[in-house]
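Shown next: run_38.cif, containing mmCIF, C-alpha atoms.
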data_coords
#
loop_
_atom_site.label_atom_id
_atom_site.label_comp_id
_atom_site.auth_asym_id
_atom_site.auth_seq_id
_atom_site.Cartn_x
_atom_site.Cartn_y
_atom_site.Cartn_z
CA MET E 1 50.60 32.33 38.26
CA SER E 2 50.28 34.84 35.46
CA SER E 3 46.75 35.82 34.53
CA LYS E 4 47.72 36.16 30.90
CA LEU E 5 47.66 33.14 28.69
CA THR E 6 49.83 32.56 25.68
CA PRO E 7 47.87 31.61 22.55
CA ASP E 8 49.27 28.08 22.90
CA GLU E 9 48.01 27.69 26.45
CA TYR E 10 44.66 29.13 25.49
CA SER E 11 44.17 26.76 22.56
CA GLU E 12 45.15 23.84 24.76
CA ILE E 13 42.59 24.75 27.41
CA ALA E 14 39.95 25.38 24.76
CA LYS E 15 40.71 22.03 23.17
CA LYS E 16 40.42 20.27 26.52
CA ALA E 17 37.09 21.94 27.26
CA GLU E 18 35.78 21.13 23.81
CA HIS E 19 36.90 17.53 24.12
CA LYS E 20 35.21 17.19 27.48
CA SER E 21 31.91 18.66 26.32
CA SER E 22 31.93 16.52 23.18
CA THR E 23 32.42 13.41 25.33
CA VAL E 24 29.41 14.37 27.44
CA LYS E 25 27.37 15.06 24.32
CA ASP E 26 28.49 11.76 22.75
CA CYS E 27 27.50 9.91 25.92
CA ILE E 28 24.05 11.51 26.03
CA MET E 29 23.43 10.59 22.38
CA ALA E 30 24.72 7.03 22.98
CA PHE E 31 22.45 6.72 26.02
CA LEU E 32 19.33 7.97 24.23
CA VAL E 33 19.78 6.02 20.99
CA GLY E 34 21.07 2.85 22.68
CA GLY E 35 18.24 2.99 25.21
CA PHE E 36 15.73 3.56 22.44
CA ILE E 37 16.94 0.52 20.46
CA CYS E 38 16.71 -1.68 23.56
CA THR E 39 13.21 -0.36 24.25
CA ILE E 40 12.17 -1.34 20.72
CA GLY E 41 13.72 -4.76 21.45
CA GLU E 42 11.63 -5.05 24.62
CA ALA E 43 8.48 -3.95 22.75
CA LEU E 44 9.11 -6.62 20.11
CA ILE E 45 9.55 -9.27 22.82
CA SER E 46 6.19 -8.25 24.34
CA LEU E 47 4.58 -8.34 20.90
CA TYR E 48 5.91 -11.83 20.09
CA MET E 49 5.00 -13.14 23.54
CA ARG E 50 1.45 -11.90 23.03
CA GLY E 51 1.52 -14.07 19.90
CA GLY E 52 2.08 -17.07 22.18
CA MET E 53 5.88 -17.43 22.15
CA ALA E 54 8.01 -18.31 25.17
CA ARG E 55 10.22 -15.43 26.35
CA ASP E 56 13.47 -17.08 25.12
CA VAL E 57 12.06 -17.58 21.63
CA ALA E 58 10.53 -14.09 21.56
CA SER E 59 13.87 -12.63 22.68
CA THR E 60 15.79 -14.34 19.86
CA LEU E 61 13.18 -13.31 17.30
CA SER E 62 13.31 -9.75 18.61
CA SER E 63 17.10 -9.73 18.07
CA ILE E 64 16.64 -11.17 14.58
CA THR E 65 14.14 -8.40 13.79
CA LEU E 66 16.61 -5.73 14.96
CA ILE E 67 19.34 -7.40 12.89
CA PHE E 68 17.10 -7.22 9.82
CA ILE E 69 16.20 -3.56 10.40
CA ALA E 70 19.88 -2.62 10.87
CA ALA E 71 20.93 -4.50 7.71
CA LEU E 72 18.14 -2.83 5.73
CA LEU E 73 19.12 0.64 7.01
CA THR E 74 22.72 -0.18 6.04
CA GLY E 75 21.59 -1.02 2.51
CA LEU E 76 19.65 2.25 2.33
CA HIS E 77 22.80 4.12 3.50
CA ALA E 78 20.82 5.46 6.45
CA PHE E 79 22.66 3.54 9.17
CA ASP E 80 25.90 5.54 8.87
CA ASN E 81 24.01 8.81 9.18
CA ILE E 82 22.40 7.66 12.43
CA ALA E 83 25.64 6.11 13.73
CA LYS E 84 27.49 9.38 13.13
CA TYR E 85 25.44 10.99 15.90
CA ALA E 86 24.66 7.92 18.01
CA GLY E 87 28.20 6.49 18.24
CA ALA E 88 28.16 3.57 20.65
CA GLY E 89 24.37 3.90 20.82
CA THR E 90 24.02 2.01 17.55
CA LEU E 91 27.31 0.08 17.82
CA VAL E 92 26.78 -1.79 21.09
CA PRO E 93 23.26 -3.15 20.50
CA ILE E 94 22.92 -6.12 18.13
CA THR E 95 22.31 -3.51 15.40
CA GLY E 96 26.05 -2.73 15.43
CA PHE E 97 26.91 -6.39 14.88
CA SER E 98 24.48 -6.54 11.96
CA ASN E 99 25.86 -3.32 10.42
CA SER E 100 29.44 -4.57 10.87
CA MET E 101 28.57 -7.49 8.57
CA ALA E 102 26.21 -5.84 6.07
CA ALA E 103 28.33 -2.71 5.44
CA PRO E 104 31.58 -4.41 4.31
CA ALA E 105 29.59 -7.10 2.46
CA LEU E 106 27.96 -4.34 0.41
CA ASP E 107 31.07 -2.19 0.01
CA PHE E 108 33.35 -5.03 -1.10
CA LYS E 109 30.83 -6.74 -3.40
CA SER E 110 32.74 -5.21 -6.33
CA GLU E 111 35.82 -7.27 -5.36
CA GLY E 112 33.90 -10.49 -5.93
CA PHE E 113 31.28 -12.59 -4.23
CA ILE E 114 33.79 -14.89 -2.54
CA LEU E 115 36.89 -12.82 -1.71
CA GLY E 116 34.99 -9.53 -1.54
CA LEU E 117 31.51 -9.96 -0.10
CA GLY E 118 32.06 -13.34 1.58
CA VAL E 119 35.41 -12.60 3.21
CA LYS E 120 34.96 -8.95 4.22
CA MET E 121 31.59 -9.69 5.85
CA PHE E 122 33.57 -11.18 8.74
CA SER E 123 36.24 -8.52 9.15
CA ILE E 124 34.62 -7.37 12.43
CA ALA E 125 32.11 -10.16 13.13
CA GLY E 126 34.91 -12.74 12.74
CA PRO E 127 36.92 -11.71 15.82
CA VAL E 128 33.69 -11.25 17.80
CA ILE E 129 32.69 -14.85 17.07
CA VAL E 130 36.23 -16.26 17.49
CA TYR E 131 36.74 -14.79 20.97
CA GLY E 132 33.12 -15.07 22.10
CA ILE E 133 32.79 -18.76 21.23
CA SER E 134 36.29 -19.59 22.55
CA ALA E 135 35.52 -17.87 25.86
CA GLY E 136 32.34 -19.95 26.01
CA ILE E 137 34.24 -23.20 25.42
CA ILE E 138 36.82 -22.36 28.11
CA TYR E 139 33.97 -21.52 30.50
CA GLY E 140 32.28 -24.82 29.58
CA ILE E 141 35.41 -26.89 30.18
CA ILE E 142 35.98 -25.20 33.56
CA ILE E 143 32.44 -25.79 34.84
CA TYR E 144 32.54 -29.36 33.51
CA LEU E 145 35.85 -30.19 35.23
CA PHE E 146 34.87 -28.58 38.55
CA LYS E 147 31.26 -29.80 38.33
CA LEU E 148 29.88 -26.28 38.66
CA TYR E 149 26.81 -26.94 36.56
CA MET A 1 8.19 -0.21 33.93
CA GLN A 2 9.92 -2.97 31.96
CA TYR A 3 10.41 -0.49 29.11
CA LEU A 4 12.05 2.03 31.42
CA ASN A 5 14.41 -0.64 32.78
CA ALA A 6 15.28 -1.76 29.25
CA PHE A 7 15.87 1.86 28.25
CA TRP A 8 18.24 2.93 31.01
CA VAL A 9 20.23 -0.30 31.32
CA GLY A 10 20.66 -0.56 27.55
CA GLY A 11 21.54 3.11 27.42
CA MET A 12 24.13 2.79 30.18
CA LEU A 13 25.84 -0.16 28.47
CA CYS A 14 26.21 2.09 25.41
CA VAL A 15 27.53 4.98 27.52
CA ILE A 16 30.30 2.76 28.93
CA ALA A 17 31.36 1.88 25.37
CA GLN A 18 31.16 5.54 24.32
CA ILE A 19 33.51 6.52 27.16
CA LEU A 20 35.92 3.73 26.12
CA ILE A 21 35.83 4.96 22.51
CA ASN A 22 36.45 8.61 23.45
CA LYS A 23 39.08 8.00 26.12
CA THR A 24 41.02 5.01 24.80
CA LYS A 25 40.53 5.19 21.01
CA LEU A 26 39.49 1.54 20.99
CA THR A 27 38.21 0.58 17.53
CA PRO A 28 34.62 -0.68 17.11
CA ALA A 29 35.91 -4.22 16.42
CA ARG A 30 37.74 -4.23 19.77
CA ILE A 31 34.72 -2.77 21.59
CA LEU A 32 32.39 -5.44 20.21
CA THR A 33 34.85 -8.24 20.95
CA THR A 34 35.43 -6.93 24.48
CA TYR A 35 31.68 -6.70 25.06
CA VAL A 36 30.97 -10.26 23.94
CA VAL A 37 33.81 -11.74 26.00
CA SER A 38 32.74 -9.62 29.01
CA GLY A 39 29.24 -11.00 28.58
CA VAL A 40 30.56 -14.57 28.66
CA ILE A 41 32.57 -13.84 31.84
CA LEU A 42 29.73 -11.96 33.60
CA GLY A 43 27.30 -14.68 32.52
CA GLY A 44 29.70 -17.34 33.78
CA PHE A 45 29.93 -15.73 37.21
CA GLY A 46 26.14 -15.44 37.37
CA VAL A 47 26.23 -11.64 37.46
CA TYR A 48 24.46 -11.05 34.17
CA LYS A 49 21.38 -13.20 34.77
CA PRO A 50 19.82 -10.88 37.37
CA LEU A 51 20.53 -7.94 35.05
CA ALA A 52 18.81 -9.75 32.17
CA GLU A 53 15.82 -10.50 34.39
CA TYR A 54 15.64 -6.88 35.52
CA ALA A 55 16.23 -5.12 32.21
CA GLY A 56 15.06 -7.66 29.62
CA ALA A 57 16.07 -6.43 26.17
CA GLY A 58 18.14 -3.70 27.85
CA ALA A 59 20.58 -6.45 28.81
CA THR A 60 20.07 -8.96 25.98
CA VAL A 61 20.13 -6.61 22.96
CA PRO A 62 23.60 -5.09 23.68
CA LEU A 63 26.50 -7.32 22.64
CA THR A 64 27.20 -8.30 26.25
CA GLY A 65 23.84 -10.09 26.00
CA PHE A 66 25.27 -12.09 23.10
CA GLY A 67 28.09 -13.24 25.41
CA TYR A 68 25.62 -13.98 28.19
CA LEU A 69 23.65 -16.15 25.77
CA ILE A 70 26.85 -18.06 24.91
CA ALA A 71 27.54 -18.76 28.62
CA LYS A 72 23.92 -19.67 29.32
CA GLY A 73 23.70 -21.99 26.30
CA THR A 74 27.01 -23.64 27.20
CA LYS A 75 25.82 -24.41 30.73
CA THR A 76 22.49 -25.83 29.52
CA ALA A 77 24.26 -27.99 26.91
CA ILE A 78 26.72 -29.36 29.48
CA GLU A 79 23.85 -30.35 31.74
CA GLN A 80 22.37 -32.33 28.88
CA LEU A 81 25.41 -33.60 26.96
CA GLY A 82 28.37 -33.48 29.33
CA LEU A 83 31.72 -32.23 28.02
CA MET A 84 30.51 -32.07 24.41
CA GLY A 85 28.12 -29.35 25.53
CA ALA A 86 31.12 -27.04 25.98
CA PHE A 87 31.55 -27.18 22.20
CA THR A 88 27.93 -27.14 21.06
CA GLY A 89 26.22 -24.87 23.60
CA GLY A 90 27.56 -21.45 22.63
CA LEU A 91 26.82 -21.63 18.92
CA THR A 92 23.50 -23.39 19.47
CA ALA A 93 22.25 -20.61 21.72
CA THR A 94 23.41 -17.85 19.35
CA ALA A 95 22.64 -19.67 16.08
CA GLY A 96 19.52 -17.60 15.35
CA GLY A 97 21.30 -14.28 15.64
CA ILE A 98 24.48 -15.30 13.80
CA ALA A 99 22.61 -17.03 10.96
CA ALA A 100 20.25 -14.06 10.59
CA ALA A 101 23.12 -11.56 10.53
CA ILE A 102 24.94 -13.60 7.85
CA PHE A 103 21.86 -14.11 5.71
CA PHE A 104 20.55 -10.55 5.89
CA ALA A 105 24.04 -9.12 5.23
CA LEU A 106 24.23 -11.28 2.09
CA LEU A 107 20.72 -10.34 1.01
CA ILE A 108 21.31 -6.61 1.51
CA ALA A 109 24.69 -6.76 -0.27
CA LEU A 110 23.05 -8.47 -3.26
CA ILE A 111 20.04 -6.14 -3.49
CA PHE A 112 21.52 -2.71 -2.81
CA LYS A 113 24.21 -0.68 -4.53
CA PRO A 114 27.35 0.41 -2.65
CA LYS A 115 27.78 4.11 -2.00
CA ASP A 116 29.66 6.04 -4.69
CA LYS A 117 33.28 6.39 -3.68
CA THR A 118 33.61 9.85 -5.18
#

Take the structure I supplied and represent it as structure tokens, if you would.
Amino acid sequence: MSSKLTPDEYSEIAKKAEHKSSTVKDCIMAFLVGGFICTIGEALISLYMRGGMARDVASTLSSITLIFIAALLTGLHAFDNIAKYAGAGTLVPITGFSNSMAAPALDFKSEGFILGLGVKMFSIAGPVIVYGISAGIIYGIIIYLFKLY
Amino acid sequence: MQYLNAFWVGGMLCVIAQILINKTKLTPARILTTYVVSGVILGGFGVYKPLAEYAGAGATVPLTGFGYLIAKGTKTAIEQLGLMGAFTGGLTATAGGIAAAIFFALLIALIFKPKDKT
């Protein structure tokens, strides 16, 4: 093998190396931010449970709190700036679901409250609900028929 | 300790999605949908419950936790209502989150101004 590289080969190798390192960096950011959001979620659960709530109720209220914070940050145009660095770290937690509804609702408000705000709000949340709920119903029918409950 | 478990499990679930995004160019909508459906399946097979007990919010805050909640709610509803529970359980269990996300998205869209598109 020749020790000299053509510029094309060099740029290809450089691109590969860059791509690899950016994936590692993206993963570290996703891990730190995603982990941090879940830790806040856990802290909120502890806080609500100290207020006398059952864990299930505290867990739902914790999610609702995170949903509110994410929607608020979306309105303040801060969410995108965080998501740019965090990637899946803000997408995968419930914050991503909240942002996926608040962002298009805000952006398409100018196209009307029904066909803009109301419709576009579900452009990402819609499929999530459609397939999530349908999977749940199929699961339910299976365990009902085979008496697995 | 519970915070550490929540941190690393939640973080890892995000890392898996990040790898999928970088390597497969899956769009966020597909990632979120895949995560919720995966949560239903893992919840259905009883795999997710131990994870939720171990990691708390680390397992319930990511969207797979949303799917797990659908499976869990469906099972509970079937125990109480029979076959009808298959239709009511999933939405009942996730009602708080879905309703909150709808309402807060509406509220934020009404209060704030969209970014300038210049």

Edge lengths and centre in Å to one decimal, as AutoDock Vina command-line options, is what I'm after for the box along x, y and z that holds all listed atoms of range 77-95 of chain E once 3 Å is added on each side.
--center_x 24.5 --center_y 2.4 --center_z 12.3 --size_x 13.4 --size_y 23.1 --size_z 23.6

- Task: Give me the residues within 8 Å of Leu61 in chain E as a PyMOL selection string, counting only C-alpha atoms and dropping any in the same chain fewer than 4 places off.
- Result: (chain E and resi 45+48+57+65) or (chain A and resi 96)

Restrict the selected residues to C-alpha atoms and save them as a compact mmCIF listing (two decimals), in the frame of the given file.
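Final output, part_6.txt:
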# COMPACT_ATOMS: atom_id res chain seq x y z
CA ILE E 45 9.55 -9.27 22.82
CA TYR E 48 5.91 -11.83 20.09
CA VAL E 57 12.06 -17.58 21.63
CA THR E 65 14.14 -8.40 13.79
CA GLY A 96 19.52 -17.60 15.35

- Task: May I have the residues of chain E within 7 Å of chain A, counting only C-alpha atoms, written as number ranges by chain?
- Result: E: 23, 26-27, 30-32, 34-36, 38-39, 41-42, 60, 63-64, 67-68, 71-72, 75, 87-89, 92-94, 98, 101-102, 105-107, 109, 124, 127-128, 131-133, 135-137, 139-141, 144, 149

- What is the distance, in Å and to one decimal place, between CA of Gly52 in chain E and CA of Tyr54 in chain A?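 Answer for the CA of Gly52 in chain E to CA of Tyr54 in chain A separation: 21.6 Å.
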
- Between CA of Ser100 in chain E and CA of Met121 in chain E, what is the distance, to one decimal in Å? 7.5 Å

- Mind pulling up the distance from CA of Ile37 in chain E to CA of Ala86 in chain E?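 CA of Ala86 in chain E sits 11.0 Å away from CA of Ile37 in chain E.
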